[in-house]
file query.txt (compact mmCIF, C-alpha atoms)
# COMPACT_ATOMS: atom_id res chain seq x y z
CA MET B 1 -10.29 -20.96 -19.88
CA ALA B 2 -10.61 -18.24 -17.22
CA ILE B 3 -8.31 -16.32 -14.90
CA LEU B 4 -9.14 -17.14 -11.28
CA GLY B 5 -7.35 -14.16 -9.74
CA LEU B 6 -3.98 -12.55 -9.25
CA GLY B 7 -1.56 -15.10 -7.80
CA HIS B 8 1.45 -12.98 -6.93
CA THR B 9 3.46 -9.96 -7.98
CA GLY B 10 7.00 -8.83 -7.45
CA LEU B 11 9.43 -5.94 -7.65
CA TRP B 12 13.03 -5.59 -8.76
CA VAL B 13 14.81 -3.72 -5.97
CA THR B 14 18.07 -1.94 -5.29
CA ASP B 15 18.36 -2.32 -1.50
CA LEU B 16 17.01 -5.80 -0.76
CA PRO B 17 17.70 -5.73 3.03
CA ALA B 18 15.83 -2.42 3.48
CA MET B 19 12.92 -3.57 1.33
CA ARG B 20 12.77 -6.99 3.09
CA ASP B 21 12.67 -5.25 6.47
CA PHE B 22 9.91 -2.89 5.33
CA TYR B 23 7.60 -5.58 3.96
CA GLU B 24 8.29 -8.03 6.79
CA ARG B 25 8.39 -5.72 9.82
CA VAL B 26 6.29 -2.71 8.81
CA ILE B 27 3.71 -4.28 6.48
CA GLY B 28 3.67 -7.59 8.39
CA LEU B 29 4.19 -10.16 5.64
CA THR B 30 5.83 -13.51 6.41
CA VAL B 31 9.02 -14.53 4.62
CA THR B 32 8.28 -18.00 3.23
CA ASP B 33 11.52 -18.56 1.30
CA GLU B 34 14.62 -16.69 0.25
CA ASP B 35 17.85 -17.25 -1.63
CA GLU B 36 20.59 -14.84 -0.57
CA GLU B 37 22.85 -15.82 -3.49
CA GLN B 38 20.16 -15.00 -6.05
CA GLY B 39 18.94 -12.04 -3.98
CA ILE B 40 15.29 -13.06 -3.87
CA VAL B 41 12.75 -13.10 -1.03
CA PHE B 42 9.23 -14.60 -1.12
CA PHE B 43 6.46 -13.24 1.15
CA SER B 44 2.96 -14.31 2.09
CA ALA B 45 0.12 -12.73 4.04
CA GLN B 46 -1.32 -16.23 4.55
CA PRO B 47 1.57 -18.71 4.48
CA ASP B 48 -0.71 -21.63 5.44
CA VAL B 49 -2.84 -20.93 2.35
CA GLU B 50 -0.49 -19.42 -0.25
CA HIS B 51 3.28 -19.89 -0.46
CA HIS B 52 3.74 -16.33 -1.70
CA GLU B 53 1.78 -13.39 -3.02
CA PHE B 54 4.77 -11.06 -3.25
CA VAL B 55 8.41 -11.34 -4.32
CA LEU B 56 11.37 -8.97 -4.06
CA GLN B 57 14.51 -9.57 -6.11
CA ARG B 58 17.74 -7.63 -6.25
CA GLY B 59 18.52 -6.28 -9.72
CA ARG B 60 16.50 -3.12 -10.32
CA THR B 61 17.91 -1.39 -13.40
CA ALA B 62 15.40 1.43 -13.75
CA ALA B 63 16.75 4.87 -12.96
CA PRO B 64 15.59 6.62 -9.79
CA GLY B 65 12.39 8.46 -10.61
CA SER B 66 11.14 5.81 -13.03
CA MET B 67 7.49 5.06 -12.42
CA LEU B 68 7.31 1.28 -12.60
CA SER B 69 4.25 -0.04 -10.85
CA HIS B 70 1.10 2.01 -10.29
CA GLN B 71 0.48 0.50 -6.85
CA ILE B 72 0.44 -2.75 -4.92
CA SER B 73 -2.62 -3.05 -2.68
CA TRP B 74 -2.98 -5.20 0.43
CA ARG B 75 -6.46 -5.96 1.77
CA VAL B 76 -7.09 -5.75 5.53
CA ASP B 77 -9.96 -6.97 7.70
CA SER B 78 -11.23 -3.90 9.59
CA VAL B 79 -11.14 -0.15 10.14
CA GLU B 80 -9.20 -0.88 13.33
CA THR B 81 -6.49 -2.58 11.28
CA LEU B 82 -6.34 0.41 8.93
CA GLN B 83 -6.00 2.65 11.97
CA ALA B 84 -3.18 0.44 13.27
CA TYR B 85 -1.37 0.89 9.93
CA HIS B 86 -2.01 4.64 10.14
CA GLN B 87 -0.26 4.66 13.52
CA ARG B 88 2.54 2.32 12.42
CA PHE B 89 3.27 4.42 9.33
CA LYS B 90 3.48 7.54 11.52
CA GLU B 91 5.83 5.82 13.98
CA GLU B 92 8.03 4.42 11.19
CA GLY B 93 8.12 7.66 9.19
CA VAL B 94 6.53 5.97 6.18
CA PRO B 95 5.49 8.61 3.63
CA VAL B 96 1.71 8.58 3.19
CA GLN B 97 0.23 10.02 0.03
CA GLN B 98 -3.41 10.03 1.13
CA GLU B 99 -5.92 8.28 3.39
CA VAL B 100 -9.13 7.86 1.45
CA THR B 101 -12.56 6.50 0.88
CA HIS B 102 -13.26 5.04 -2.54
CA GLY B 103 -16.90 4.50 -1.56
CA ASN B 104 -16.35 0.76 -1.99
CA ALA B 105 -13.14 0.76 0.11
CA TYR B 106 -11.16 2.78 2.64
CA GLY B 107 -7.42 2.91 2.09
CA ILE B 108 -4.05 4.37 2.91
CA TYR B 109 -1.69 5.08 0.01
CA PHE B 110 1.96 4.92 1.12
CA PHE B 111 5.46 4.68 -0.35
CA ASP B 112 7.99 1.95 0.41
CA PRO B 113 11.71 2.71 0.90
CA GLU B 114 12.37 2.72 -2.86
CA GLY B 115 9.40 4.95 -3.71
CA ASN B 116 6.94 2.28 -4.91
CA ARG B 117 3.36 3.19 -4.08
CA GLY B 118 1.37 0.73 -2.02
CA GLU B 119 -2.04 0.69 -0.41
CA VAL B 120 -3.57 -1.05 2.55
CA TYR B 121 -7.35 -1.10 2.14
CA LEU B 122 -10.60 -2.38 3.57
CA ARG B 123 -13.24 -3.48 1.08
CA ILE B 124 -16.70 -2.04 1.74
CA GLU B 125 -19.70 -3.90 0.32
CA ARG B 126 -20.95 -1.10 -1.94
CA ASP B 127 -21.07 -0.59 -5.67
CA VAL B 128 -19.56 2.85 -6.32
CA ARG B 129 -18.50 4.09 -9.75
CA GLN B 130 -14.73 4.58 -9.95
CA PRO B 131 -12.61 6.57 -9.83
CA PHE B 132 -13.94 7.86 -6.53
CA ARG B 133 -11.37 9.11 -4.05
CA LYS B 134 -11.79 11.57 -1.19
CA SER B 135 -9.55 12.13 1.83
CA LEU B 136 -10.74 10.34 4.96
CA ASN B 137 -9.70 11.05 8.57
CA LEU B 138 -8.69 7.75 10.19
CA GLU B 139 -7.79 9.46 13.50
CA GLN B 140 -11.33 9.22 14.85
CA PRO B 141 -13.54 6.50 16.33
CA VAL B 142 -14.59 3.73 13.93
CA GLU B 143 -18.23 4.85 13.74
CA ALA B 144 -17.09 8.40 12.94
CA VAL B 145 -14.90 7.02 10.10
CA HIS B 146 -17.95 5.24 8.63
CA ALA B 147 -20.10 8.37 9.06
CA GLU B 148 -17.51 10.61 7.41
CA ALA B 149 -17.13 8.16 4.50
CA GLU B 150 -20.91 8.14 4.02
CA ARG B 151 -21.04 11.95 4.11
CA LEU B 152 -18.20 12.18 1.57
CA LEU B 153 -19.95 9.69 -0.70
CA ASN B 154 -23.13 11.78 -0.69
CA ASP B 155 -21.79 15.35 -0.47
CA GLY B 156 -22.35 16.12 -4.15
CA GLY B 157 -18.81 17.41 -4.64
CA PRO B 158 -16.31 16.15 -7.19
CA ALA B 159 -15.89 12.38 -7.01
CA TYR B 160 -12.10 12.49 -7.25
CA GLN B 161 -9.88 14.38 -4.84
CA ALA B 162 -6.36 14.06 -6.14
CA ALA B 163 -3.46 13.86 -3.72
CA THR B 164 -0.47 16.08 -4.22
CA TRP B 165 2.75 14.15 -4.59
CA THR B 166 5.91 14.09 -6.64
CA PRO B 167 7.45 10.88 -8.01
CA VAL B 168 11.02 9.98 -6.99
CA SER B 169 13.42 12.35 -8.72
CA ASP B 170 16.81 11.47 -10.15
CA SER B 171 18.36 12.52 -6.84
CA GLY B 172 16.44 9.74 -5.11
CA GLN B 173 14.24 12.19 -3.24
CA ALA B 174 10.48 12.43 -3.45
CA SER B 175 7.71 14.11 -1.70
CA ALA B 176 4.28 12.90 -0.74
CA ASP B 177 2.29 15.64 0.93
CA GLY B 178 5.63 17.20 1.92
CA LEU B 179 7.26 14.01 3.22
CA SER B 180 10.55 12.67 1.92
CA ILE B 181 10.32 9.17 0.48
CA ARG B 182 13.95 8.31 1.04
CA PRO B 183 16.12 9.88 3.73
call {"tool": "encode", "arguments": {"input": "query.txt", "output": "structure tokens"}}
result
Amino acid sequence: MAILGLGHTGLWVTDLPAMRDFYERVIGLTVTDEDEEQGIVFFSAQPDVEHHEFVLQRGRTAAPGSMLSHQISWRVDSVETLQAYHQRFKEEGVPVQQEVTHGNAYGIYFFDPEGNRGEVYLRIERDVRQPFRKSLNLEQPVEAVHAEAERLLNDGGPAYQAATWTPVSDSGQASADGLSIRP
């Protein structure tokens, strides 16, 4: 008996319409099913292949500020797609914790409307000991992104550059590099 992979994950939420909008419109997932009475929405990145990889359901009971999930990561296909998310997050006012290279991936850590941390990332075919995380500038041409990531991988400095952020407080406010998670 062996696990083949992660099938799907889900979150209990407080504001289902806001969270549905965020994951459908901002992240770009497809709603594959929903039940308004039960307050549940199913999403897929590849609805022709997988009915759902992600579920939101009304009914969160954890207090604001509770750290529930570590992160939910979504794989993308190119640096250009990461750069498109960088731009979309700026336009939408999505709080970004850090844009990084992990040596074996480039990613953007962000917060959804209820303060859950997510990541969009591009896998890089390299074997790099983890944790490895250094800030990466995605506002440059693709080749410059790759060159900067290579330089950061080989610069001899500390392998882990922590981001500064504060989890959601009891007041429902949070900060990620000075940005408010919830208005």
call {"tool": "residues_around", "arguments": {"input": "query.txt", "residues": "stretch 128-132 of chain B", "least_positions_apart": "5", "cutoff": "6 Å", "atoms": "all atoms listed in the file", "output": "list in words"}}
result
His102, Gly103, Asn104, Ala159 and Tyr160 of chain B
call {"tool": "closest_residue", "arguments": {"input": "query.txt", "among": "B:Tyr23, B:Phe89, B:Phe110, B:Phe43", "to": "B:Thr9", "atoms": "all atoms listed in the file"}}
result
B:Phe43
call {"tool": "atom_distance", "arguments": {"input": "query.txt", "atom1": "atom CA of B:Gly28", "atom2": "atom CA of B:Leu136"}}
result
23.3 Å
call {"tool": "residues_around", "arguments": {"input": "query.txt", "residues": "stretch 144-155 of chain B", "least_positions_apart": "2", "cutoff": "9 Å", "atoms": "all atoms listed in the file", "output": "number ranges by chain"}}
result
B: 79, 100-103, 106, 128, 132, 134-142, 157-159
call {"tool": "closest_residue", "arguments": {"input": "query.txt", "among": "B:Gly39, B:Gly156, B:Pro17, B:Gly115", "to": "B:Gly65", "atoms": "all atoms listed in the file"}}
result
B:Gly115
call {"tool": "residues_around", "arguments": {"input": "query.txt", "residues": "B:Met19", "least_positions_apart": "5", "cutoff": "10 Å", "atoms": "all atoms listed in the file", "output": "ChimeraX atom specification"}}
result
/B:11,13-14,24-25,41,56-58,112-114
call {"tool": "residues_around", "arguments": {"input": "query.txt", "residues": "B:Met67", "least_positions_apart": "2", "cutoff": "10 Å", "atoms": "all atoms listed in the file", "output": "list of chain:residue names"}}
result
B:Ala62, B:Ala63, B:Pro64, B:Gly65, B:Ser69, B:His70, B:Gly115, B:Asn116, B:Arg117, B:Pro167, B:Val168
call {"tool": "write_last_selection", "arguments": {"input": "query.txt", "atoms": "C-alpha atoms", "output": "tab-separated table (two decimals), keeping the file's coordinate frame"}}
result
chain	number	residue	atom	x	y	z
B	62	ALA	CA	15.40	1.43	-13.75
B	63	ALA	CA	16.75	4.87	-12.96
B	64	PRO	CA	15.59	6.62	-9.79
B	65	GLY	CA	12.39	8.46	-10.61
B	69	SER	CA	4.25	-0.04	-10.85
B	70	HIS	CA	1.10	2.01	-10.29
B	115	GLY	CA	9.40	4.95	-3.71
B	116	ASN	CA	6.94	2.28	-4.91
B	117	ARG	CA	3.36	3.19	-4.08
B	167	PRO	CA	7.45	10.88	-8.01
B	168	VAL	CA	11.02	9.98	-6.99
call {"tool": "axis_aligned_box", "arguments": {"input": "query.txt", "around": "stretch 68-84 of chain B", "padding_each_side": "5 Å", "output": "AutoDock Vina command-line options"}}
result
--center_x -2.0 --center_y -2.2 --center_z 0.4 --size_x 28.5 --size_y 19.6 --size_z 35.9
call {"tool": "atom_distance", "arguments": {"input": "query.txt", "atom1": "atom CA of B:Gln71", "atom2": "atom CA of B:Gly7"}}
result
15.8 Å
call {"tool": "closest_residue", "arguments": {"input": "query.txt", "among": "B:Gln161, B:Val26, B:Gln46, B:Asp35", "to": "B:Lys90", "atoms": "only C-alpha atoms"}}
result
B:Val26
call {"tool": "closest_residue", "arguments": {"input": "query.txt", "among": "B:Val120, B:Met1, B:Val94, B:Leu29", "to": "B:Leu82", "atoms": "all atoms listed in the file"}}
result
B:Val120
call {"tool": "atom_distance", "arguments": {"input": "query.txt", "atom1": "atom CA of B:Arg133", "atom2": "atom CA of B:Pro95"}}
result
18.5 Å
call {"tool": "closest_residue", "arguments": {"input": "query.txt", "among": "B:Glu92, B:Asp21, B:Glu99, B:Asp48", "to": "B:Ala162", "atoms": "only C-alpha atoms"}}
result
B:Glu99
